[in-house]
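Printed here is entry-v1.tsv (TSV, C-alpha atoms and all ligand atoms):
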chain	number	residue	atom	x	y	z
A	1	MET	CA	101.94	72.18	118.74
A	2	PRO	CA	105.36	71.72	117.13
A	3	VAL	CA	106.77	74.75	115.35
A	4	PRO	CA	106.65	74.20	111.58
A	5	SER	CA	110.05	73.79	109.97
A	6	PHE	CA	111.06	73.92	106.32
A	7	GLN	CA	114.11	73.22	104.19
A	8	ILE	CA	114.85	76.17	101.93
A	9	THR	CA	117.46	76.50	99.20
A	10	CYS	CA	119.59	79.59	98.67
A	11	THR	CA	119.13	81.21	95.25
A	12	ALA	CA	121.13	84.40	95.74
A	13	ARG	CA	123.64	85.89	98.15
A	14	ASP	CA	124.93	89.38	97.38
A	15	VAL	CA	126.63	92.24	99.16
A	16	ILE	CA	124.26	95.19	98.58
A	17	ALA	CA	125.74	97.81	100.94
A	18	ARG	CA	128.61	98.11	103.40
A	19	ASP	CA	128.44	95.02	105.65
A	20	VAL	CA	125.00	94.13	104.31
A	21	TYR	CA	124.06	90.93	102.52
A	22	GLU	CA	120.85	90.31	100.64
A	23	ILE	CA	120.01	86.61	100.66
A	24	ARG	CA	117.21	84.89	98.78
A	25	PHE	CA	115.70	81.43	99.09
A	26	GLY	CA	113.10	79.48	97.19
A	27	LYS	CA	109.76	79.60	99.01
A	28	PRO	CA	108.35	76.18	99.95
A	29	GLU	CA	104.81	75.71	98.58
A	30	ASN	CA	103.27	75.09	102.00
A	31	PHE	CA	105.03	78.02	103.72
A	32	THR	CA	102.63	80.84	104.59
A	33	PHE	CA	103.37	84.04	106.49
A	34	LYS	CA	102.21	87.59	107.03
A	35	GLU	CA	104.32	90.60	106.11
A	36	GLY	CA	106.31	91.70	109.17
A	37	GLN	CA	106.98	88.20	110.50
A	38	PHE	CA	110.38	86.56	110.94
A	39	VAL	CA	111.85	83.06	110.74
A	40	LEU	CA	114.56	81.30	112.74
A	41	PHE	CA	117.46	79.95	110.71
A	42	ASP	CA	119.53	76.99	111.89
A	43	VAL	CA	123.00	78.51	111.89
A	44	PRO	CA	126.08	76.30	112.30
A	45	LEU	CA	129.21	77.75	113.84
A	46	VAL	CA	131.70	78.32	111.04
A	47	ASP	CA	134.54	76.71	113.04
A	48	ASN	CA	132.42	73.79	114.31
A	49	PRO	CA	129.44	73.02	112.02
A	50	ALA	CA	128.02	70.47	114.48
A	51	ASP	CA	127.29	73.36	116.85
A	52	ILE	CA	123.96	74.77	115.67
A	53	GLN	CA	121.95	77.65	117.09
A	54	THR	CA	119.06	79.64	115.66
A	55	ARG	CA	119.06	83.29	114.57
A	56	ALA	CA	116.05	85.43	113.67
A	57	LEU	CA	115.74	87.22	110.33
A	58	SER	CA	112.74	89.27	109.24
A	59	ILE	CA	111.10	88.31	105.96
A	60	ALA	CA	111.57	91.28	103.62
A	61	SER	CA	109.53	89.86	100.73
A	62	THR	CA	105.76	90.03	100.37
A	63	GLN	CA	103.45	87.04	100.32
A	64	GLY	CA	103.05	87.63	96.59
A	65	GLU	CA	106.75	87.36	95.74
A	66	GLU	CA	108.11	84.05	94.58
A	67	GLU	CA	111.18	83.97	96.81
A	68	LEU	CA	111.91	84.64	100.47
A	69	LEU	CA	114.10	87.72	100.77
A	70	PHE	CA	116.25	88.70	103.76
A	71	GLY	CA	118.69	91.51	104.51
A	72	LEU	CA	121.49	90.87	106.99
A	73	LYS	CA	123.62	93.57	108.57
A	74	LEU	CA	126.88	91.90	109.60
A	75	LYS	CA	128.04	92.02	113.21
A	76	PRO	CA	131.80	91.45	113.49
A	77	GLY	CA	132.51	87.89	114.66
A	78	GLY	CA	128.80	87.09	115.00
A	79	ARG	CA	127.49	83.59	114.25
A	80	VAL	CA	124.99	84.32	111.49
A	81	SER	CA	127.20	87.10	110.15
A	82	ARG	CA	130.18	84.76	109.66
A	83	TRP	CA	127.94	81.98	108.33
A	84	VAL	CA	126.43	84.16	105.60
A	85	ALA	CA	129.76	85.79	104.70
A	86	GLU	CA	131.90	82.62	104.80
A	87	THR	CA	129.75	79.48	104.38
A	88	LEU	CA	126.41	80.13	102.70
A	89	LYS	CA	126.46	79.44	98.96
A	90	ILE	CA	123.83	79.41	96.23
A	91	GLY	CA	122.29	75.91	96.11
A	92	MET	CA	122.78	75.25	99.84
A	93	THR	CA	119.74	73.99	101.75
A	94	VAL	CA	119.01	75.36	105.21
A	95	ARG	CA	116.39	74.59	107.86
A	96	ILE	CA	114.13	77.40	109.02
A	97	GLN	CA	111.38	77.43	111.63
A	98	GLY	CA	108.42	79.75	111.66
A	99	PRO	CA	106.99	82.11	110.77
A	100	PHE	CA	106.87	83.93	114.10
A	101	GLY	CA	105.98	87.34	115.37
A	102	VAL	CA	103.21	89.90	115.70
A	103	PHE	CA	104.92	92.82	113.97
A	104	VAL	CA	102.12	92.80	111.42
A	105	LEU	CA	99.85	95.61	110.28
A	106	ASP	CA	96.65	95.94	112.27
A	107	PRO	CA	93.96	95.07	109.70
A	108	ALA	CA	91.31	96.88	111.76
A	109	SER	CA	93.20	100.17	111.90
A	110	GLU	CA	92.41	102.93	109.41
A	111	ARG	CA	95.18	105.19	110.67
A	112	GLU	CA	97.97	106.57	108.54
A	113	ARG	CA	101.25	104.73	109.05
A	114	VAL	CA	104.68	105.88	110.11
A	115	PHE	CA	107.55	103.40	109.76
A	116	VAL	CA	110.88	104.14	111.46
A	117	ALA	CA	113.89	101.97	110.63
A	118	THR	CA	117.63	101.89	110.92
A	119	SER	CA	119.72	99.65	108.67
A	120	ALA	CA	118.38	96.06	108.47
A	121	GLY	CA	115.32	97.22	110.39
A	122	VAL	CA	113.97	98.29	107.00
A	123	ALA	CA	113.40	94.59	106.13
A	124	PRO	CA	109.86	94.11	107.49
A	125	PHE	CA	108.89	97.56	106.20
A	126	ARG	CA	109.87	96.72	102.63
A	127	ALA	CA	107.35	93.88	102.88
A	128	HIS	CA	104.66	95.95	104.63
A	129	ILE	CA	104.88	98.93	102.28
A	130	LYS	CA	105.10	96.96	99.04
A	131	ALA	CA	102.19	94.70	100.02
A	132	ALA	CA	99.99	97.58	101.20
A	133	LEU	CA	100.61	99.62	98.05
A	134	GLU	CA	100.08	96.64	95.76
A	135	ARG	CA	96.75	95.83	97.38
A	136	GLY	CA	95.62	99.40	96.74
A	137	ASP	CA	95.89	100.81	100.27
A	138	GLN	CA	95.38	104.57	99.80
A	139	ARG	CA	96.32	105.85	103.23
A	140	LYS	CA	99.40	107.99	103.76
A	141	MET	CA	102.54	106.05	104.68
A	142	ASP	CA	105.87	107.60	105.66
A	143	LEU	CA	109.10	105.60	105.98
A	144	ILE	CA	111.91	107.26	107.89
A	145	TYR	CA	115.01	105.19	107.15
A	146	GLY	CA	118.36	105.93	108.76
A	147	VAL	CA	121.91	104.66	108.28
A	148	ARG	CA	125.39	106.07	108.72
A	149	SER	CA	126.29	107.14	105.18
A	150	GLU	CA	125.42	106.57	101.53
A	151	GLU	CA	127.40	103.28	101.39
A	152	ASP	CA	125.13	101.83	104.08
A	153	LEU	CA	121.86	102.42	102.22
A	154	PHE	CA	120.13	99.47	100.58
A	155	TRP	CA	116.73	98.85	98.96
A	156	HIS	CA	116.34	102.65	98.90
A	157	ARG	CA	116.24	102.78	95.08
A	158	GLU	CA	113.31	100.37	94.99
A	159	LEU	CA	111.60	102.32	97.78
A	160	GLU	CA	112.21	105.56	95.87
A	161	GLU	CA	110.57	104.01	92.82
A	162	LEU	CA	107.57	103.03	94.94
A	163	SER	CA	107.34	106.58	96.29
A	164	LYS	CA	107.24	107.88	92.71
A	165	ALA	CA	104.66	105.33	91.61
A	166	TYR	CA	102.33	105.73	94.60
A	167	PRO	CA	101.43	109.28	95.74
A	168	ASN	CA	100.51	108.11	99.26
A	169	PHE	CA	103.99	106.70	100.08
A	170	PHE	CA	106.83	108.98	101.18
A	171	LEU	CA	110.46	107.95	101.77
A	172	HIS	CA	112.66	110.05	104.08
A	173	LEU	CA	116.34	109.18	104.40
A	174	ALA	CA	118.48	110.21	107.38
A	175	LEU	CA	122.27	109.87	107.28
A	176	THR	CA	124.40	110.52	110.34
A	177	ILE	CA	127.77	110.81	108.56
A	178	PRO	CA	127.01	111.53	104.88
A	179	SER	CA	129.44	112.49	102.12
A	180	PRO	CA	129.80	116.23	101.37
A	181	THR	CA	127.51	115.86	98.34
A	182	TRP	CA	124.53	114.57	100.37
A	183	LYS	CA	121.56	116.93	100.09
A	184	GLY	CA	119.13	115.12	102.38
A	185	HIS	CA	118.69	115.09	106.13
A	186	VAL	CA	121.79	114.84	108.31
A	187	GLY	CA	121.25	113.27	111.71
A	188	ARG	CA	119.59	110.32	113.35
A	189	VAL	CA	116.05	109.15	112.67
A	190	GLN	CA	115.17	110.54	116.10
A	191	THR	CA	115.76	114.07	114.75
A	192	LEU	CA	114.01	113.52	111.41
A	193	VAL	CA	110.79	111.93	112.66
A	194	PRO	CA	109.35	115.09	114.32
A	195	LEU	CA	110.23	117.18	111.25
A	196	VAL	CA	108.33	114.81	108.97
A	197	ILE	CA	105.45	114.10	111.36
A	198	PRO	CA	104.50	117.20	113.35
A	199	ASP	CA	101.27	115.61	114.57
A	200	PHE	CA	100.87	111.94	115.49
A	201	SER	CA	97.18	112.09	116.39
A	202	GLN	CA	96.08	110.13	113.28
A	203	LYS	CA	99.12	107.87	113.08
A	204	GLU	CA	99.98	104.24	113.78
A	205	VAL	CA	103.74	103.95	114.38
A	206	TYR	CA	106.02	100.98	113.64
A	207	VAL	CA	109.67	101.00	114.73
A	208	CYS	CA	112.34	98.43	113.81
A	209	GLY	CA	116.11	98.19	114.13
A	210	ASN	CA	118.85	97.93	116.71
A	211	PRO	CA	117.58	97.96	120.30
A	212	ASP	CA	119.31	101.23	121.23
A	213	MET	CA	117.35	103.05	118.53
A	214	THR	CA	114.05	101.26	119.14
A	215	THR	CA	114.22	101.91	122.90
A	216	GLU	CA	114.94	105.59	122.38
A	217	VAL	CA	112.27	106.08	119.70
A	218	LYS	CA	109.71	104.22	121.82
A	219	LYS	CA	110.43	106.59	124.72
A	220	LEU	CA	110.16	109.64	122.43
A	221	CYS	CA	106.88	108.35	121.00
A	222	LEU	CA	105.30	107.84	124.39
A	223	GLU	CA	106.77	110.79	126.27
A	224	GLN	CA	107.17	113.55	123.66
A	225	TRP	CA	105.31	112.78	120.46
A	226	ARG	CA	102.09	111.74	122.21
A	227	VAL	CA	101.68	108.39	120.51
A	228	GLU	CA	99.27	106.20	122.43
A	229	LYS	CA	100.75	102.85	123.41
A	230	LYS	CA	98.10	100.97	121.44
A	231	TYR	CA	99.23	102.69	118.23
A	232	LEU	CA	102.93	101.93	118.75
A	233	HIS	CA	104.57	98.69	117.51
A	234	VAL	CA	108.25	97.99	118.14
A	235	GLU	CA	110.60	95.23	116.94
A	236	GLY	CA	114.10	95.43	118.46
A	237	TYR	CA	116.80	93.35	116.76
A	238	ILE	CA	118.21	92.01	120.02
B	301	LIG	C1	112.70	89.31	115.61
B	301	LIG	C2	114.10	89.60	115.09
B	301	LIG	C3	114.28	89.82	113.73
B	301	LIG	C4	115.56	90.09	113.25
B	301	LIG	N1	115.70	90.35	111.92
B	301	LIG	C5	116.92	90.71	111.44
B	301	LIG	C6	117.10	91.04	110.06
B	301	LIG	O1	116.17	90.97	109.25
B	301	LIG	N2	118.33	91.42	109.66
B	301	LIG	C7	119.40	91.50	110.53
B	301	LIG	O2	120.49	91.88	110.10
B	301	LIG	N3	119.25	91.17	111.83
B	301	LIG	C8	118.06	90.77	112.30
B	301	LIG	N4	117.93	90.43	113.62
B	301	LIG	C9	119.15	90.31	114.46
B	301	LIG	C10	119.77	88.93	114.21
B	301	LIG	O3	118.85	87.90	114.61
B	301	LIG	C11	121.07	88.70	114.99
B	301	LIG	O4	120.84	88.90	116.35
B	301	LIG	C12	122.18	89.60	114.55
B	301	LIG	O5	122.37	89.47	113.16
B	301	LIG	C13	123.51	89.20	115.23
B	301	LIG	O6	123.65	87.82	115.07
B	301	LIG	P1	125.06	87.12	114.95
B	301	LIG	O7	124.78	85.65	115.01
B	301	LIG	O8	125.81	87.61	113.75
B	301	LIG	O9	125.82	87.60	116.24
B	301	LIG	P2	125.96	86.80	117.62
B	301	LIG	O10	126.82	85.60	117.43
B	301	LIG	O11	124.61	86.59	118.18
B	301	LIG	O12	126.77	87.85	118.44
B	301	LIG	C14	126.13	88.94	119.08
B	301	LIG	C15	127.14	90.05	119.22
B	301	LIG	O13	128.35	89.61	119.81
B	301	LIG	C16	129.48	89.93	118.99
B	301	LIG	N5	130.38	88.76	118.86
B	301	LIG	C17	129.97	87.47	118.74
B	301	LIG	N6	131.04	86.66	118.62
B	301	LIG	C18	132.13	87.44	118.65
B	301	LIG	C19	133.52	87.20	118.58
B	301	LIG	N7	133.99	85.97	118.45
B	301	LIG	N8	134.34	88.26	118.62
B	301	LIG	C20	133.86	89.50	118.73
B	301	LIG	N9	132.56	89.80	118.84
B	301	LIG	C21	131.71	88.79	118.80
B	301	LIG	C22	128.92	90.24	117.61
B	301	LIG	O14	129.65	91.28	116.98
B	301	LIG	C23	127.53	90.67	117.87
B	301	LIG	O15	127.49	92.07	118.03
B	301	LIG	C24	116.66	90.14	114.14
B	301	LIG	C25	116.47	89.90	115.50
B	301	LIG	C26	115.21	89.65	115.98
B	301	LIG	C27	115.03	89.39	117.45
Could you take the file, read its structure, and then write that structure out as C-alpha cells?
Ligand SMILES: Cc1cc2nc3c(=O)[nH]c(=O)nc-3n(C[C@H](O)[C@H](O)[C@H](O)COP(=O)(O)OP(=O)(O)OC[C@H]3O[C@@H](n4cnc5c(N)ncnc54)[C@H](O)[C@@H]3O)c2cc1C
Amino acid sequence: MPVPSFQITCTARDVIARDVYEIRFGKPENFTFKEGQFVLFDVPLVDNPADIQTRALSIASTQGEEELLFGLKLKPGGRVSRWVAETLKIGMTVRIQGPFGVFVLDPASERERVFVATSAGVAPFRAHIKAALERGDQRKMDLIYGVRSEEDLFWHRELEELSKAYPNFFLHLALTIPSPTWKGHVGRVQTLVPLVIPDFSQKEVYVCGNPDMTTEVKKLCLEQWRVEKKYLHVEGYI
C-alpha cells in the first residue's frame, strides 16, 4: 500500500531555545495519527533545491489540537536544520509522508508511566502527556527532561503548568551545565531517573532523544533498574 502523503502549510516558525525551532503547520482534514508518531518531511538541500531527501520529525501536538506542532534541535550543517533555519517561511507548503511509528502508549497497560527525554526528544512526550491528562488518565506520570542549560529548555513552562493543573503529572528537569542560580538537579537524566523512580516494578518506561542517551538509558533500564523489556519503549533520533 502506498504511504499516504499530504501537503501542509507552515503557519509559524520560531526560535524557542538555543538552536531549537518550533514549527507549526495546518493539519489536513484527512490526516490522522496517534500521539507518539512521526512524519517524514521532504527536505530540499538549501544549496540545490532539486536534491530532496526525507527527514523524520515527531509530532508534538495532540490529535485534538488544530495544528501540527514540531520541535527541531539544529545540527550544524545538517539538511533539515539548514532548511528550517534558512528556507522555511510562513505560508510555504511542504510534502510530508506518514504518520509512522509505534512509539505510542500501550492502551492495554495500566502501569504508571515514566518518560525520559533529552532536548527535542521531549516532542512525542508533550503529545502523550497532554493527551493522557486531557482524557482524564489518573495514573502517575513522571517526565524526566534533560538539556545542557536553562537556554536549552523549551516547552517546560507549558509542562510546568500541566504539572500544577494535574496532581498525577510530575516534571523533573535535569541540567548538565546550569547557571549559578539554578536550584534544580545538576547532571544527566541518567543520574536523575533513579532518584525520582526508586522502584520500577509498576512502571512502563518511554525513552526518547539522541541515540547516545537512549542506548545508555536502555542499558541502565534492563541491567540496573530492573525494567522488563516488554515495559520499555525507546525512540532514538538517529
Ligand atoms: C523517528 C525519528 C523522529 C525524530 N524526531 C525528531 C524531532 O522531533 N526533532 C528533532 O530535532 N529531531 C528529530 N529526529 C532527528 C531528525 O530526523 C534528524 O536526523 C536530525 O534533525 C538531523 O538532521 P539534519 O538533516 O539536520 O542532519 P543531516 O544532514 O542528516 O546530518 C547528520 C549529521 O551530520 C552533520 N553534518 C551534515 N552535513 C554537514 C556539513 N556539511 N558540515 C558539517 N556537518 C554536517 C550534522 O551536523 C548532523 O549531525 C528524529 C529522528 C527519528 C529517527
Handout entry: Selected residue of minimal separation from ligand LIG 301 (chain B) among A:Val39, A:Val80, A:Ala60, A:Leu173, counting all atoms listed in the file
Key =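 Checking each candidate against ligand LIG 301 (chain B), we get A:Val80 as the closest.
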Problem - Given all atoms listed in the file as the counted atoms, nearest of A:Arg55, A:Arg95, A:Arg111, A:Arg139 to ligand LIG 301 (chain B) - result: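 Of the candidates, the smallest distance to ligand LIG 301 (chain B) is held by A:Arg55.
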Write out as AutoDock Vina command-line options an axis-aligned box for ligand LIG 301 (chain B): all of its atoms listed in the file, 6 Å added on each side, centre and edge lengths in Å with one decimal.
--center_x 123.5 --center_y 88.8 --center_z 114.5 --size_x 33.6 --size_y 18.5 --size_z 22.6
Problem - Selection: 8 Å around range 44-50 of chain A, all atoms listed in the file, excl. self and same-chain fewer than 6 positions, as JSON, numbers by chain - result: {"A": [79, 82, 83, 86, 87]}
Exercise for the section: Can you work out which one of A:Gly187, A:Gly98, A:Gly209, A:Pro198 has the shortest atom-to-atom distance to Val3 in chain A, counting only C-alpha atoms? Expected result: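 With only C-alpha atoms as the atom set, the closest residue is A:Gly98.
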Practice task
Dump the neighbourhood of ligand LIG 301 (chain B) as JSON, numbers by chain: all residues within 9 Å, distances computed on only C-alpha atoms and all ligand atoms.
Solution key: {"A": [20, 21, 37, 38, 39, 40, 41, 43, 45, 53, 54, 55, 56, 57, 58, 59, 60, 70, 71, 72, 73, 74, 75, 76, 77, 78, 79, 80, 81, 82, 83, 84, 100, 101, 103, 119, 120, 121, 122, 123, 124, 208, 209, 210, 235, 236, 237, 238]}
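Between CA of Val114 in chain A and CA of Val205 in chain A the interatomic distance comes to 4.8 Å.
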Enumerate, as a PDB file with C-alpha atoms, keeping the file's coordinate frame, the protein, DNA and RNA residues whose atoms approach (121.4, 74.3, 102.9) to within 9 Å, taking into account only C-alpha atoms and the coordinate frame of the file.
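Contents of selection_1.pdb, freshly written:
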ATOM      1  CA  GLN A   7     114.110  73.220 104.190  1.00  0.00           C
ATOM      2  CA  ILE A   8     114.850  76.170 101.930  1.00  0.00           C
ATOM      3  CA  THR A   9     117.460  76.500  99.200  1.00  0.00           C
ATOM      4  CA  CYS A  10     119.590  79.590  98.670  1.00  0.00           C
ATOM      5  CA  LEU A  88     126.410  80.130 102.700  1.00  0.00           C
ATOM      6  CA  LYS A  89     126.460  79.440  98.960  1.00  0.00           C
ATOM      7  CA  ILE A  90     123.830  79.410  96.230  1.00  0.00           C
ATOM      8  CA  GLY A  91     122.290  75.910  96.110  1.00  0.00           C
ATOM      9  CA  MET A  92     122.780  75.250  99.840  1.00  0.00           C
ATOM     10  CA  THR A  93     119.740  73.990 101.750  1.00  0.00           C
ATOM     11  CA  VAL A  94     119.010  75.360 105.210  1.00  0.00           C
ATOM     12  CA  ARG A  95     116.390  74.590 107.860  1.00  0.00           C
TER      13      ARG A  95
END
Exercise for the section: Quick one: pull the distance between CA of Leu175 in chain A and CA of Val116 in chain A, Å, one decimal. Expected result: 13.4 Å
Practice task
Return the single residue from A:Arg188, A:Arg18, A:Lys27, A:Lys203 that is closest to Glu228 in chain A, with distances computed using all atoms listed in the file.
Solution key: A:Lys203
Can you complete the atoms of range 132-166 of chain A to N, CA and C atoms and list them as a PDB file, in the frame of the given file?
ATOM      1  N   ALA A 132     101.117  96.647 101.016  1.00  0.00           N
ATOM      2  CA  ALA A 132      99.990  97.580 101.200  1.00  0.00           C
ATOM      3  C   ALA A 132      99.727  98.355  99.910  1.00  0.00           C
ATOM      4  N   LEU A 133     100.794  98.848  99.284  1.00  0.00           N
ATOM      5  CA  LEU A 133     100.610  99.620  98.050  1.00  0.00           C
ATOM      6  C   LEU A 133     100.028  98.745  96.951  1.00  0.00           C
ATOM      7  N   GLU A 134     100.543  97.533  96.842  1.00  0.00           N
ATOM      8  CA  GLU A 134     100.080  96.640  95.760  1.00  0.00           C
ATOM      9  C   GLU A 134      98.620  96.213  95.956  1.00  0.00           C
ATOM     10  N   ARG A 135      98.170  96.196  97.211  1.00  0.00           N
ATOM     11  CA  ARG A 135      96.750  95.830  97.380  1.00  0.00           C
ATOM     12  C   ARG A 135      95.844  97.068  97.338  1.00  0.00           C
ATOM     13  N   GLY A 136      96.428  98.210  96.983  1.00  0.00           N
ATOM     14  CA  GLY A 136      95.620  99.400  96.740  1.00  0.00           C
ATOM     15  C   GLY A 136      95.326 100.233  97.971  1.00  0.00           C
ATOM     16  N   ASP A 137      96.077 100.022  99.042  1.00  0.00           N
ATOM     17  CA  ASP A 137      95.890 100.810 100.270  1.00  0.00           C
ATOM     18  C   ASP A 137      96.219 102.272  99.969  1.00  0.00           C
ATOM     19  N   GLN A 138      95.247 103.156 100.224  1.00  0.00           N
ATOM     20  CA  GLN A 138      95.380 104.570  99.800  1.00  0.00           C
ATOM     21  C   GLN A 138      95.883 105.473 100.929  1.00  0.00           C
ATOM     22  N   ARG A 139      95.993 104.936 102.124  1.00  0.00           N
ATOM     23  CA  ARG A 139      96.320 105.850 103.230  1.00  0.00           C
ATOM     24  C   ARG A 139      97.766 106.329 103.123  1.00  0.00           C
ATOM     25  N   LYS A 140      98.045 107.441 103.792  1.00  0.00           N
ATOM     26  CA  LYS A 140      99.400 107.990 103.760  1.00  0.00           C
ATOM     27  C   LYS A 140     100.338 107.092 104.560  1.00  0.00           C
ATOM     28  N   MET A 141     101.512 106.830 103.979  1.00  0.00           N
ATOM     29  CA  MET A 141     102.540 106.050 104.680  1.00  0.00           C
ATOM     30  C   MET A 141     103.874 106.767 104.542  1.00  0.00           C
ATOM     31  N   ASP A 142     104.546 106.981 105.661  1.00  0.00           N
ATOM     32  CA  ASP A 142     105.870 107.600 105.660  1.00  0.00           C
ATOM     33  C   ASP A 142     106.875 106.588 106.187  1.00  0.00           C
ATOM     34  N   LEU A 143     107.989 106.431 105.470  1.00  0.00           N
ATOM     35  CA  LEU A 143     109.100 105.600 105.980  1.00  0.00           C
ATOM     36  C   LEU A 143     110.281 106.513 106.257  1.00  0.00           C
ATOM     37  N   ILE A 144     110.713 106.518 107.515  1.00  0.00           N
ATOM     38  CA  ILE A 144     111.910 107.260 107.890  1.00  0.00           C
ATOM     39  C   ILE A 144     113.003 106.219 108.112  1.00  0.00           C
ATOM     40  N   TYR A 145     114.034 106.279 107.254  1.00  0.00           N
ATOM     41  CA  TYR A 145     115.010 105.190 107.150  1.00  0.00           C
ATOM     42  C   TYR A 145     116.410 105.789 107.359  1.00  0.00           C
ATOM     43  N   GLY A 146     117.066 105.348 108.423  1.00  0.00           N
ATOM     44  CA  GLY A 146     118.360 105.930 108.760  1.00  0.00           C
ATOM     45  C   GLY A 146     119.503 104.927 108.708  1.00  0.00           C
ATOM     46  N   VAL A 147     120.647 105.421 108.225  1.00  0.00           N
ATOM     47  CA  VAL A 147     121.910 104.660 108.280  1.00  0.00           C
ATOM     48  C   VAL A 147     123.024 105.685 108.470  1.00  0.00           C
ATOM     49  N   ARG A 148     124.270 105.160 108.492  1.00  0.00           N
ATOM     50  CA  ARG A 148     125.390 106.070 108.720  1.00  0.00           C
ATOM     51  C   ARG A 148     125.656 106.957 107.486  1.00  0.00           C
ATOM     52  N   SER A 149     125.999 106.325 106.366  1.00  0.00           N
ATOM     53  CA  SER A 149     126.290 107.140 105.180  1.00  0.00           C
ATOM     54  C   SER A 149     125.759 106.443 103.925  1.00  0.00           C
ATOM     55  N   GLU A 150     125.985 107.066 102.778  1.00  0.00           N
ATOM     56  CA  GLU A 150     125.420 106.570 101.530  1.00  0.00           C
ATOM     57  C   GLU A 150     125.753 105.087 101.297  1.00  0.00           C
ATOM     58  N   GLU A 151     126.987 104.690 101.648  1.00  0.00           N
ATOM     59  CA  GLU A 151     127.400 103.280 101.390  1.00  0.00           C
ATOM     60  C   GLU A 151     126.596 102.278 102.206  1.00  0.00           C
ATOM     61  N   ASP A 152     125.889 102.746 103.222  1.00  0.00           N
ATOM     62  CA  ASP A 152     125.130 101.830 104.080  1.00  0.00           C
ATOM     63  C   ASP A 152     123.665 101.672 103.639  1.00  0.00           C
ATOM     64  N   LEU A 153     123.262 102.489 102.668  1.00  0.00           N
ATOM     65  CA  LEU A 153     121.860 102.420 102.220  1.00  0.00           C
ATOM     66  C   LEU A 153     121.630 101.198 101.331  1.00  0.00           C
ATOM     67  N   PHE A 154     120.526 100.550 101.498  1.00  0.00           N
ATOM     68  CA  PHE A 154     120.130  99.470 100.580  1.00  0.00           C
ATOM     69  C   PHE A 154     118.603  99.446 100.467  1.00  0.00           C
ATOM     70  N   TRP A 155     118.152  98.919  99.332  1.00  0.00           N
ATOM     71  CA  TRP A 155     116.730  98.850  98.960  1.00  0.00           C
ATOM     72  C   TRP A 155     116.108 100.245  98.844  1.00  0.00           C
ATOM     73  N   HIS A 156     116.910 101.295  98.978  1.00  0.00           N
ATOM     74  CA  HIS A 156     116.340 102.650  98.900  1.00  0.00           C
ATOM     75  C   HIS A 156     115.918 103.017  97.487  1.00  0.00           C
ATOM     76  N   ARG A 157     116.633 102.468  96.473  1.00  0.00           N
ATOM     77  CA  ARG A 157     116.240 102.780  95.080  1.00  0.00           C
ATOM     78  C   ARG A 157     114.838 102.220  94.793  1.00  0.00           C
ATOM     79  N   GLU A 158     114.625 100.981  95.193  1.00  0.00           N
ATOM     80  CA  GLU A 158     113.310 100.370  94.990  1.00  0.00           C
ATOM     81  C   GLU A 158     112.232 101.145  95.757  1.00  0.00           C
ATOM     82  N   LEU A 159     112.570 101.551  96.979  1.00  0.00           N
ATOM     83  CA  LEU A 159     111.600 102.320  97.780  1.00  0.00           C
ATOM     84  C   LEU A 159     111.337 103.678  97.147  1.00  0.00           C
ATOM     85  N   GLU A 160     112.395 104.286  96.572  1.00  0.00           N
ATOM     86  CA  GLU A 160     112.210 105.560  95.870  1.00  0.00           C
ATOM     87  C   GLU A 160     111.264 105.387  94.684  1.00  0.00           C
ATOM     88  N   GLU A 161     111.456 104.289  93.966  1.00  0.00           N
ATOM     89  CA  GLU A 161     110.570 104.010  92.820  1.00  0.00           C
ATOM     90  C   GLU A 161     109.124 103.867  93.297  1.00  0.00           C
ATOM     91  N   LEU A 162     108.933 103.179  94.407  1.00  0.00           N
ATOM     92  CA  LEU A 162     107.570 103.030  94.940  1.00  0.00           C
ATOM     93  C   LEU A 162     106.990 104.393  95.308  1.00  0.00           C
ATOM     94  N   SER A 163     107.847 105.258  95.887  1.00  0.00           N
ATOM     95  CA  SER A 163     107.340 106.580  96.290  1.00  0.00           C
ATOM     96  C   SER A 163     106.959 107.421  95.072  1.00  0.00           C
ATOM     97  N   LYS A 164     107.617 107.159  93.936  1.00  0.00           N
ATOM     98  CA  LYS A 164     107.240 107.880  92.710  1.00  0.00           C
ATOM     99  C   LYS A 164     105.963 107.302  92.104  1.00  0.00           C
ATOM    100  N   ALA A 165     105.814 105.996  92.235  1.00  0.00           N
ATOM    101  CA  ALA A 165     104.660 105.330  91.610  1.00  0.00           C
ATOM    102  C   ALA A 165     103.374 105.496  92.422  1.00  0.00           C
ATOM    103  N   TYR A 166     103.522 105.664  93.731  1.00  0.00           N
ATOM    104  CA  TYR A 166     102.330 105.730  94.600  1.00  0.00           C
ATOM    105  C   TYR A 166     102.346 107.047  95.379  1.00  0.00           C
TER     106      TYR A 166
END
